[in-house]
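Peer 1: I'm passing along data_23.pdb; it holds PDB, C-alpha atoms, pLDDT in the B column.
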ATOM      1  CA  MET G   1     151.624 110.315 134.689  1.00 65.00           C
ATOM      2  CA  LYS G   2     150.917 109.052 131.227  1.00 77.00           C
ATOM      3  CA  ARG G   3     147.433 109.812 129.940  1.00 83.00           C
ATOM      4  CA  HIS G   4     145.555 106.801 128.699  1.00 87.00           C
ATOM      5  CA  TRP G   5     143.946 106.468 125.325  1.00 90.00           C
ATOM      6  CA  ASN G   6     140.193 106.904 125.841  1.00 91.00           C
ATOM      7  CA  TRP G   7     139.215 103.654 124.191  1.00 94.00           C
ATOM      8  CA  ILE G   8     135.671 103.697 125.575  1.00 95.00           C
ATOM      9  CA  THR G   9     134.806 106.722 123.462  1.00 95.00           C
ATOM     10  CA  TRP G  10     136.054 104.953 120.364  1.00 96.00           C
ATOM     11  CA  ALA G  11     134.172 101.776 121.301  1.00 97.00           C
ATOM     12  CA  GLY G  12     130.994 103.792 121.646  1.00 97.00           C
ATOM     13  CA  PHE G  13     131.546 105.348 118.245  1.00 97.00           C
ATOM     14  CA  ALA G  14     132.260 101.959 116.662  1.00 97.00           C
ATOM     15  CA  ILE G  15     129.022 100.578 118.072  1.00 98.00           C
ATOM     16  CA  ALA G  16     127.108 103.590 116.786  1.00 97.00           C
ATOM     17  CA  LEU G  17     128.583 102.972 113.330  1.00 97.00           C
ATOM     18  CA  PHE G  18     127.545  99.342 113.516  1.00 97.00           C
ATOM     19  CA  ALA G  19     124.078 100.333 114.733  1.00 97.00           C
ATOM     20  CA  PHE G  20     123.725 102.660 111.763  1.00 97.00           C
ATOM     21  CA  PHE G  21     124.855 100.310 109.008  1.00 97.00           C
ATOM     22  CA  SER G  22     123.639  96.991 110.353  1.00 97.00           C
ATOM     23  CA  TYR G  23     119.917  97.416 109.747  1.00 96.00           C
ATOM     24  CA  LEU G  24     120.037  97.232 105.975  1.00 94.00           C
ATOM     25  CA  THR G  25     122.923  94.763 105.896  1.00 95.00           C
ATOM     26  CA  LEU G  26     122.070  92.357 108.695  1.00 96.00           C
ATOM     27  CA  PHE G  27     118.963  92.853 110.786  1.00 96.00           C
ATOM     28  CA  ILE G  28     116.644  93.295 107.834  1.00 93.00           C
ATOM     29  CA  ARG G  29     117.014  89.580 107.079  1.00 92.00           C
ATOM     30  CA  PHE G  30     115.206  88.495 110.249  1.00 94.00           C
ATOM     31  CA  PRO G  31     111.540  89.433 110.719  1.00 91.00           C
ATOM     32  CA  VAL G  32     111.972  89.846 114.462  1.00 93.00           C
ATOM     33  CA  THR G  33     114.572  92.614 114.070  1.00 94.00           C
ATOM     34  CA  ARG G  34     113.258  93.945 110.777  1.00 93.00           C
ATOM     35  CA  ASP G  35     109.659  94.844 111.559  1.00 93.00           C
ATOM     36  CA  PHE G  36     110.699  97.115 114.416  1.00 95.00           C
ATOM     37  CA  PRO G  37     114.430  97.993 114.605  1.00 96.00           C
ATOM     38  CA  TRP G  38     114.758  97.423 118.350  1.00 96.00           C
ATOM     39  CA  ALA G  39     118.225  95.847 117.955  1.00 97.00           C
ATOM     40  CA  ASN G  40     119.544  99.011 116.343  1.00 97.00           C
ATOM     41  CA  LEU G  41     117.950 101.217 118.982  1.00 97.00           C
ATOM     42  CA  LEU G  42     119.559  99.047 121.657  1.00 97.00           C
ATOM     43  CA  LEU G  43     122.951  99.350 119.976  1.00 98.00           C
ATOM     44  CA  PHE G  44     122.598 103.140 119.780  1.00 98.00           C
ATOM     45  CA  ALA G  45     121.706 103.188 123.476  1.00 98.00           C
ATOM     46  CA  ILE G  46     124.805 101.149 124.340  1.00 98.00           C
ATOM     47  CA  ALA G  47     126.898 103.463 122.168  1.00 97.00           C
ATOM     48  CA  GLY G  48     125.423 106.433 124.016  1.00 97.00           C
ATOM     49  CA  VAL G  49     126.355 104.986 127.390  1.00 97.00           C
ATOM     50  CA  LEU G  50     129.919 104.252 126.308  1.00 97.00           C
ATOM     51  CA  LEU G  51     130.341 107.705 124.786  1.00 97.00           C
ATOM     52  CA  GLY G  52     128.966 109.201 127.985  1.00 96.00           C
ATOM     53  CA  ILE G  53     131.498 107.305 130.074  1.00 96.00           C
ATOM     54  CA  GLY G  54     134.257 108.287 127.683  1.00 95.00           C
ATOM     55  CA  LEU G  55     133.342 111.963 127.820  1.00 95.00           C
ATOM     56  CA  TYR G  56     133.149 111.817 131.597  1.00 95.00           C
ATOM     57  CA  ARG G  57     136.616 110.336 131.750  1.00 93.00           C
ATOM     58  CA  ALA G  58     138.035 112.950 129.397  1.00 93.00           C
ATOM     59  CA  TYR G  59     136.597 115.903 131.286  1.00 93.00           C
ATOM     60  CA  ALA G  60     136.422 114.741 134.897  1.00 93.00           C
ATOM     61  CA  ARG G  61     139.797 113.008 134.886  1.00 91.00           C
ATOM     62  CA  PRO G  62     141.800 114.822 132.246  1.00 90.00           C
ATOM     63  CA  SER G  63     145.067 113.920 133.890  1.00 90.00           C
ATOM     64  CA  GLU G  64     144.351 110.254 133.288  1.00 90.00           C
ATOM     65  CA  TYR G  65     142.432 110.246 130.014  1.00 91.00           C
ATOM     66  CA  ARG G  66     142.703 111.973 126.673  1.00 88.00           C
ATOM     67  CA  GLY G  67     139.902 112.854 124.352  1.00 89.00           C
ATOM     68  CA  LYS G  68     138.573 116.308 125.192  1.00 91.00           C
ATOM     69  CA  ILE G  69     138.277 117.161 121.522  1.00 92.00           C
ATOM     70  CA  VAL G  70     137.944 113.770 119.885  1.00 92.00           C
ATOM     71  CA  GLY G  71     135.308 112.763 122.420  1.00 94.00           C
ATOM     72  CA  PRO G  72     132.727 115.432 121.576  1.00 96.00           C
ATOM     73  CA  VAL G  73     133.395 115.025 117.860  1.00 96.00           C
ATOM     74  CA  LEU G  74     132.681 111.297 117.998  1.00 96.00           C
ATOM     75  CA  ALA G  75     129.669 111.924 120.218  1.00 97.00           C
ATOM     76  CA  VAL G  76     128.162 114.417 117.793  1.00 97.00           C
ATOM     77  CA  LEU G  77     128.787 112.109 114.830  1.00 97.00           C
ATOM     78  CA  SER G  78     127.125 109.251 116.704  1.00 97.00           C
ATOM     79  CA  LEU G  79     124.180 111.431 117.624  1.00 97.00           C
ATOM     80  CA  ALA G  80     123.829 112.471 113.998  1.00 98.00           C
ATOM     81  CA  MET G  81     123.811 108.832 112.885  1.00 98.00           C
ATOM     82  CA  CYS G  82     121.209 108.002 115.502  1.00 97.00           C
ATOM     83  CA  ALA G  83     119.018 110.920 114.453  1.00 98.00           C
ATOM     84  CA  PHE G  84     119.353 110.016 110.782  1.00 97.00           C
ATOM     85  CA  PHE G  85     118.489 106.404 111.502  1.00 97.00           C
ATOM     86  CA  GLY G  86     115.516 107.382 113.632  1.00 97.00           C
ATOM     87  CA  PHE G  87     114.268 109.743 110.951  1.00 96.00           C
ATOM     88  CA  GLY G  88     114.520 107.036 108.314  1.00 95.00           C
ATOM     89  CA  ALA G  89     113.035 104.232 110.362  1.00 95.00           C
ATOM     90  CA  PHE G  90     110.240 106.073 112.135  1.00 95.00           C
ATOM     91  CA  TYR G  91     109.290 108.958 109.904  1.00 94.00           C
ATOM     92  CA  PHE G  92     110.247 108.224 106.345  1.00 91.00           C
ATOM     93  CA  ALA G  93     109.243 104.550 106.513  1.00 92.00           C
ATOM     94  CA  ARG G  94     105.798 105.568 107.775  1.00 92.00           C
ATOM     95  CA  LEU G  95     105.029 108.037 105.026  1.00 91.00           C
ATOM     96  CA  LEU G  96     102.117 106.022 103.715  1.00 91.00           C
ATOM     97  CA  PRO G  97      98.603 107.025 102.639  1.00 91.00           C
ATOM     98  CA  PRO G  98      95.856 106.374 105.209  1.00 89.00           C
ATOM     99  CA  ALA G  99      94.917 102.721 105.530  1.00 86.00           C
ATOM    100  CA  GLU G 100      91.225 103.679 105.515  1.00 84.00           C
ATOM    101  CA  ARG G 101      91.391 104.172 101.756  1.00 88.00           C
ATOM    102  CA  ALA G 102      91.842 100.458 101.179  1.00 92.00           C
ATOM    103  CA  LEU G 103      88.902  98.182 100.466  1.00 93.00           C
ATOM    104  CA  ARG G 104      87.438  96.630 103.570  1.00 93.00           C
ATOM    105  CA  VAL G 105      86.940  93.020 104.538  1.00 94.00           C
ATOM    106  CA  GLY G 106      83.549  91.823 103.341  1.00 94.00           C
ATOM    107  CA  ARG G 107      83.595  93.953 100.191  1.00 94.00           C
ATOM    108  CA  PRO G 108      83.750  92.298  96.808  1.00 95.00           C
ATOM    109  CA  ALA G 109      87.267  92.144  95.391  1.00 95.00           C
ATOM    110  CA  PRO G 110      87.270  93.978  92.051  1.00 95.00           C
ATOM    111  CA  ASP G 111      87.967  91.633  89.178  1.00 96.00           C
ATOM    112  CA  PHE G 112      90.913  92.459  86.955  1.00 96.00           C
ATOM    113  CA  THR G 113      93.057  91.093  84.149  1.00 95.00           C
ATOM    114  CA  LEU G 114      96.773  91.863  84.234  1.00 95.00           C
ATOM    115  CA  PRO G 115      99.804  90.413  82.436  1.00 94.00           C
ATOM    116  CA  ASP G 116     102.287  88.319  84.390  1.00 92.00           C
ATOM    117  CA  SER G 117     106.041  88.591  83.864  1.00 90.00           C
ATOM    118  CA  ASN G 118     105.854  86.302  80.829  1.00 90.00           C
ATOM    119  CA  GLY G 119     103.094  88.273  79.176  1.00 91.00           C
ATOM    120  CA  LYS G 120     100.339  85.784  79.986  1.00 93.00           C
ATOM    121  CA  MET G 121      97.098  87.488  80.976  1.00 95.00           C
ATOM    122  CA  VAL G 122      95.850  86.545  84.445  1.00 94.00           C
ATOM    123  CA  GLN G 123      92.259  87.204  85.501  1.00 95.00           C
ATOM    124  CA  LEU G 124      91.338  87.199  89.175  1.00 94.00           C
ATOM    125  CA  SER G 125      87.928  85.556  88.730  1.00 93.00           C
ATOM    126  CA  ARG G 126      89.565  82.696  86.812  1.00 91.00           C
ATOM    127  CA  LEU G 127      92.416  82.437  89.302  1.00 90.00           C
ATOM    128  CA  ARG G 128      90.197  82.012  92.351  1.00 89.00           C
ATOM    129  CA  GLU G 129      88.064  79.256  90.841  1.00 87.00           C
ATOM    130  CA  GLY G 130      88.257  76.132  92.924  1.00 82.00           C
ATOM    131  CA  LYS G 131      90.659  77.599  95.452  1.00 84.00           C
ATOM    132  CA  ALA G 132      89.873  78.238  99.085  1.00 83.00           C
ATOM    133  CA  GLY G 133      91.619  81.575  98.903  1.00 88.00           C
ATOM    134  CA  THR G 134      93.744  83.742  96.641  1.00 91.00           C
ATOM    135  CA  LEU G 135      96.290  86.047  98.230  1.00 93.00           C
ATOM    136  CA  LEU G 136      96.910  89.357  96.438  1.00 94.00           C
ATOM    137  CA  ILE G 137     100.195  90.920  97.470  1.00 93.00           C
ATOM    138  CA  PHE G 138     100.532  94.563  96.535  1.00 94.00           C
ATOM    139  CA  TYR G 139     104.034  95.919  96.860  1.00 90.00           C
ATOM    140  CA  ARG G 140     106.027  99.047  96.068  1.00 86.00           C
ATOM    141  CA  GLY G 141     108.053  97.748  93.197  1.00 82.00           C
ATOM    142  CA  TYR G 142     111.189  99.549  91.980  1.00 71.00           C
ATOM    143  CA  TRP G 143     113.447  96.747  93.007  1.00 55.00           C
TER     144      TRP G 143
ATOM    145  CA  MET D   1      99.182  83.767  95.512  1.00 89.00           C
ATOM    146  CA  VAL D   2      99.920  86.645  93.154  1.00 92.00           C
ATOM    147  CA  ALA D   3     101.992  89.800  93.549  1.00 92.00           C
ATOM    148  CA  ILE D   4     100.951  93.090  91.933  1.00 93.00           C
ATOM    149  CA  CYS D   5     102.970  96.233  91.416  1.00 92.00           C
ATOM    150  CA  VAL D   6     103.680  98.940  88.870  1.00 91.00           C
ATOM    151  CA  ASP D   7     106.948  97.411  87.656  1.00 91.00           C
ATOM    152  CA  SER D   8     107.130  96.341  84.015  1.00 91.00           C
ATOM    153  CA  GLN D   9     106.923  92.687  83.015  1.00 91.00           C
ATOM    154  CA  GLU D  10     110.638  92.840  82.267  1.00 91.00           C
ATOM    155  CA  ASP D  11     111.565  94.078  85.760  1.00 90.00           C
ATOM    156  CA  SER D  12     109.261  91.566  87.418  1.00 91.00           C
ATOM    157  CA  ARG D  13     110.738  88.732  85.399  1.00 91.00           C
ATOM    158  CA  LYS D  14     114.244  89.729  86.514  1.00 91.00           C
ATOM    159  CA  LEU D  15     113.116  89.901  90.129  1.00 89.00           C
ATOM    160  CA  ALA D  16     111.410  86.502  89.964  1.00 89.00           C
ATOM    161  CA  GLN D  17     114.481  84.935  88.389  1.00 89.00           C
ATOM    162  CA  SER D  18     116.956  86.455  90.821  1.00 90.00           C
ATOM    163  CA  ARG D  19     114.922  85.390  93.867  1.00 87.00           C
ATOM    164  CA  GLY D  20     113.583  82.115  92.523  1.00 89.00           C
ATOM    165  CA  TYR D  21     109.933  83.109  92.888  1.00 89.00           C
ATOM    166  CA  THR D  22     107.447  80.759  91.300  1.00 88.00           C
ATOM    167  CA  PHE D  23     104.230  82.692  91.914  1.00 90.00           C
ATOM    168  CA  PRO D  24     102.925  85.100  89.263  1.00 92.00           C
ATOM    169  CA  ILE D  25     103.986  88.740  89.474  1.00 94.00           C
ATOM    170  CA  LEU D  26     101.441  90.917  87.681  1.00 95.00           C
ATOM    171  CA  SER D  27     102.190  94.217  86.045  1.00 94.00           C
ATOM    172  CA  ASP D  28      99.910  97.180  86.747  1.00 94.00           C
ATOM    173  CA  PRO D  29     101.883 100.046  85.200  1.00 92.00           C
ATOM    174  CA  ASP D  30      99.159 102.687  85.337  1.00 91.00           C
ATOM    175  CA  ALA D  31      98.107 101.542  88.813  1.00 92.00           C
ATOM    176  CA  ALA D  32      94.481 100.932  87.781  1.00 94.00           C
ATOM    177  CA  VAL D  33      94.049  97.804  89.884  1.00 95.00           C
ATOM    178  CA  ILE D  34      96.079  99.372  92.678  1.00 95.00           C
ATOM    179  CA  ARG D  35      93.603 102.249  92.693  1.00 94.00           C
ATOM    180  CA  ALA D  36      90.623  99.899  92.574  1.00 95.00           C
ATOM    181  CA  TYR D  37      91.820  98.290  95.807  1.00 96.00           C
ATOM    182  CA  GLY D  38      92.500 101.618  97.484  1.00 94.00           C
ATOM    183  CA  VAL D  39      96.205 100.984  97.984  1.00 94.00           C
ATOM    184  CA  LEU D  40      97.641 103.743  95.835  1.00 94.00           C
ATOM    185  CA  HIS D  41     100.652 105.583  97.200  1.00 93.00           C
ATOM    186  CA  PRO D  42     100.596 108.771  95.094  1.00 91.00           C
ATOM    187  CA  LYS D  43     104.061 109.817  93.956  1.00 88.00           C
ATOM    188  CA  GLY D  44     105.563 107.343  96.375  1.00 85.00           C
ATOM    189  CA  GLY D  45     108.140 106.065  93.922  1.00 83.00           C
ATOM    190  CA  GLU D  46     111.677 107.361  93.752  1.00 80.00           C
ATOM    191  CA  ASP D  47     111.032 109.500  90.689  1.00 82.00           C
ATOM    192  CA  GLY D  48     107.594 110.636  91.773  1.00 83.00           C
ATOM    193  CA  HIS D  49     105.732 107.718  90.188  1.00 86.00           C
ATOM    194  CA  ASP D  50     102.477 106.484  91.666  1.00 91.00           C
ATOM    195  CA  ILE D  51     103.100 103.110  93.278  1.00 92.00           C
ATOM    196  CA  ALA D  52     101.305 100.717  95.611  1.00 92.00           C
ATOM    197  CA  ARG D  53     101.618 100.815  99.381  1.00 93.00           C
ATOM    198  CA  PRO D  54     102.394  97.398 100.855  1.00 92.00           C
ATOM    199  CA  ALA D  55      99.098  95.553 101.335  1.00 94.00           C
ATOM    200  CA  GLU D  56      97.775  92.011 101.187  1.00 95.00           C
ATOM    201  CA  PHE D  57      94.202  90.874 100.533  1.00 95.00           C
ATOM    202  CA  LEU D  58      92.845  87.365 100.842  1.00 94.00           C
ATOM    203  CA  VAL D  59      90.013  86.789  98.352  1.00 94.00           C
ATOM    204  CA  ASP D  60      87.731  83.790  98.773  1.00 91.00           C
ATOM    205  CA  ARG D  61      86.157  81.567  96.136  1.00 90.00           C
ATOM    206  CA  ALA D  62      83.152  83.841  95.811  1.00 91.00           C
ATOM    207  CA  GLY D  63      85.295  86.919  95.202  1.00 93.00           C
ATOM    208  CA  THR D  64      84.838  88.553  98.597  1.00 94.00           C
ATOM    209  CA  ILE D  65      87.721  90.023 100.570  1.00 94.00           C
ATOM    210  CA  ARG D  66      88.119  87.787 103.573  1.00 92.00           C
ATOM    211  CA  TRP D  67      91.183  89.287 105.235  1.00 93.00           C
ATOM    212  CA  GLU D  68      93.553  92.148 104.666  1.00 94.00           C
ATOM    213  CA  ASN D  69      96.815  93.467 106.032  1.00 93.00           C
ATOM    214  CA  LEU D  70      98.031  97.042 105.780  1.00 92.00           C
ATOM    215  CA  THR D  71     101.081  98.005 107.778  1.00 86.00           C
ATOM    216  CA  GLU D  72     101.898 101.446 109.134  1.00 87.00           C
ATOM    217  CA  SER D  73     105.555 101.225 108.168  1.00 89.00           C
ATOM    218  CA  VAL D  74     107.308  99.864 105.096  1.00 88.00           C
ATOM    219  CA  LEU D  75     109.733  98.156 107.486  1.00 90.00           C
ATOM    220  CA  ALA D  76     107.105  95.703 108.731  1.00 89.00           C
ATOM    221  CA  ARG D  77     106.372  92.883 106.341  1.00 87.00           C
ATOM    222  CA  LEU D  78     103.698  90.214 106.408  1.00 87.00           C
ATOM    223  CA  ARG D  79     105.085  86.994 107.835  1.00 89.00           C
ATOM    224  CA  PRO D  80     104.281  83.601 106.288  1.00 85.00           C
ATOM    225  CA  GLU D  81     103.139  82.293 109.694  1.00 88.00           C
ATOM    226  CA  THR D  82     100.465  84.988 109.828  1.00 88.00           C
ATOM    227  CA  ILE D  83      99.052  83.990 106.471  1.00 84.00           C
ATOM    228  CA  LEU D  84      99.017  80.332 107.411  1.00 84.00           C
ATOM    229  CA  GLN D  85      97.170  81.191 110.608  1.00 86.00           C
ATOM    230  CA  VAL D  86      94.568  83.131 108.647  1.00 83.00           C
ATOM    231  CA  LEU D  87      94.129  80.345 106.097  1.00 78.00           C
ATOM    232  CA  ASN D  88      93.787  77.698 108.776  1.00 78.00           C
ATOM    233  CA  ALA D  89      91.435  79.662 111.004  1.00 74.00           C
ATOM    234  CA  PRO D  90      87.994  78.086 111.450  1.00 63.00           C
ATOM    235  CA  LYS D  91      85.441  79.889 109.274  1.00 57.00           C
TER     236      LYS D  91
END
Take the structure I supplied and represent it as structure tokens, if you would.
Peer 2:
Amino acid sequence: MKRHWNWITWAGFAIALFAFFSYLTLFIRFPVTRDFPWANLLLFAIAGVLLGIGLYRAYARPSEYRGKIVGPVLAVLSLAMCAFFGFGAFYFARLLPPAERALRVGRPAPDFTLPDSNGKMVQLSRLREGKAGTLLIFYRGYW
Amino acid sequence: MVAICVDSQEDSRKLAQSRGYTFPILSDPDAAVIRAYGVLHPKGGEDGHDIARPAEFLVDRAGTIRWENLTESVLARLRPETILQVLNAPK
């Protein structure tokens, strides 16, 4: 009897690849999938299920399905991608100094004078005159 | 609304042009203002530079901090709807 190609294992691997690369290329554009990468976690979970089924088929029904070597290789690669993604999204992205260091609500906002991108000096106390509120956005930079 | 980071005026100008930003981007290369607000991320930059952690402060007319937002992860960004809610909230 001809042994079938174990396409489920490959499908699982393809989904894991997509799960790995899609955060920075696709999901990061939408706040709902950017702030917490649940879509990528879901994709990795689906990939895991498919790889599991594929491995089961290769080992429990080896007369019907191929993939006893390819299966584990793809599974390990997928697991590595998942681990790498998890490390980046949940450890590395959270390496921030304690929030307690920041000035608290109710404290006076220190005045400052800094140049804008055209060299014009901007002073906070001048900027907030006559405005209900001034939003200061601090960001990493290095874009 | 103003943005503040350690990037040079040159880099900020390129960023503003490429994204079409119209609000001022201020340059704080030695992170003095960043330090004053307690949002320094020591050696957080790619080459070990001191940079700012993501943070937003709303300052009222009198110069008092009215609201702030500090996230736990660089993935989470402040959404415009949140700011509008804060601005429109009854005082």
Peer 1: Just want the 9 Å neighbourhood of D:Leu75, counted on all atoms listed in the file, with same-chain residues fewer than 2 positions away dropped. Output as a PyMOL selection string.
Peer 2: (chain G and resi 28+34-37+89+93-94) or (chain D and resi 71-73+77)
Peer 1: With the PyMOL selection byres ((chain D) within 7 of (chain G)) as the selection, what would be picked from this file? Answer as a PyMOL selection string, please.
Peer 2: chain D and resi 1-7+9-10+12-13+24-28+33+36-39+41+51-61+63-68+70+72-77
Peer 1: Evaluating the PyMOL selection byres ((chain G and resi 49) around 12) on the displayed file yields which residues, as a VMD selection string?
Peer 2: chain G and resid 8 to 13 15 to 16 42 to 48 50 to 56 75 78 to 79
Peer 1: Give me a file of those residues, with C-alpha atoms, as an mmCIF file, in the frame of the given file.
Peer 2:
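Saved to again.cif:
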data_model
loop_
_atom_site.group_PDB
_atom_site.id
_atom_site.type_symbol
_atom_site.label_atom_id
_atom_site.label_comp_id
_atom_site.auth_asym_id
_atom_site.auth_seq_id
_atom_site.Cartn_x
_atom_site.Cartn_y
_atom_site.Cartn_z
ATOM 1 C CA ILE G 8 135.671 103.697 125.575
ATOM 2 C CA THR G 9 134.806 106.722 123.462
ATOM 3 C CA TRP G 10 136.054 104.953 120.364
ATOM 4 C CA ALA G 11 134.172 101.776 121.301
ATOM 5 C CA GLY G 12 130.994 103.792 121.646
ATOM 6 C CA PHE G 13 131.546 105.348 118.245
ATOM 7 C CA ILE G 15 129.022 100.578 118.072
ATOM 8 C CA ALA G 16 127.108 103.590 116.786
ATOM 9 C CA LEU G 42 119.559 99.047 121.657
ATOM 10 C CA LEU G 43 122.951 99.350 119.976
ATOM 11 C CA PHE G 44 122.598 103.140 119.780
ATOM 12 C CA ALA G 45 121.706 103.188 123.476
ATOM 13 C CA ILE G 46 124.805 101.149 124.340
ATOM 14 C CA ALA G 47 126.898 103.463 122.168
ATOM 15 C CA GLY G 48 125.423 106.433 124.016
ATOM 16 C CA LEU G 50 129.919 104.252 126.308
ATOM 17 C CA LEU G 51 130.341 107.705 124.786
ATOM 18 C CA GLY G 52 128.966 109.201 127.985
ATOM 19 C CA ILE G 53 131.498 107.305 130.074
ATOM 20 C CA GLY G 54 134.257 108.287 127.683
ATOM 21 C CA LEU G 55 133.342 111.963 127.820
ATOM 22 C CA TYR G 56 133.149 111.817 131.597
ATOM 23 C CA ALA G 75 129.669 111.924 120.218
ATOM 24 C CA SER G 78 127.125 109.251 116.704
ATOM 25 C CA LEU G 79 124.180 111.431 117.624
#
Peer 1: May I ask for the distance between atom CA of G:Asn40 and atom CA of G:Phe18, given in Å to one decimal place?
Peer 2: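 Answer for the atom CA of G:Asn40 to atom CA of G:Phe18 separation: 8.5 Å.
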Peer 1: Rounded to one decimal, what separation in Å do you get between atom CA of G:Cys82 and atom CA of G:Val70?
Peer 2: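 One can read the atom CA of G:Cys82 to atom CA of G:Val70 distance as 18.2 Å.
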Peer 1: Give the centre and edge lengths of an axis-aligned box, in Å to one decimal, that holds all listed atoms of stretch 42-48 of chain D with 6 Å on each side, as lines of an AutoDock Vina configuration file.
Peer 2:
center_x = 106.1
center_y = 108.4
center_z = 93.5
size_x = 23.1
size_y = 16.6
size_z = 17.7
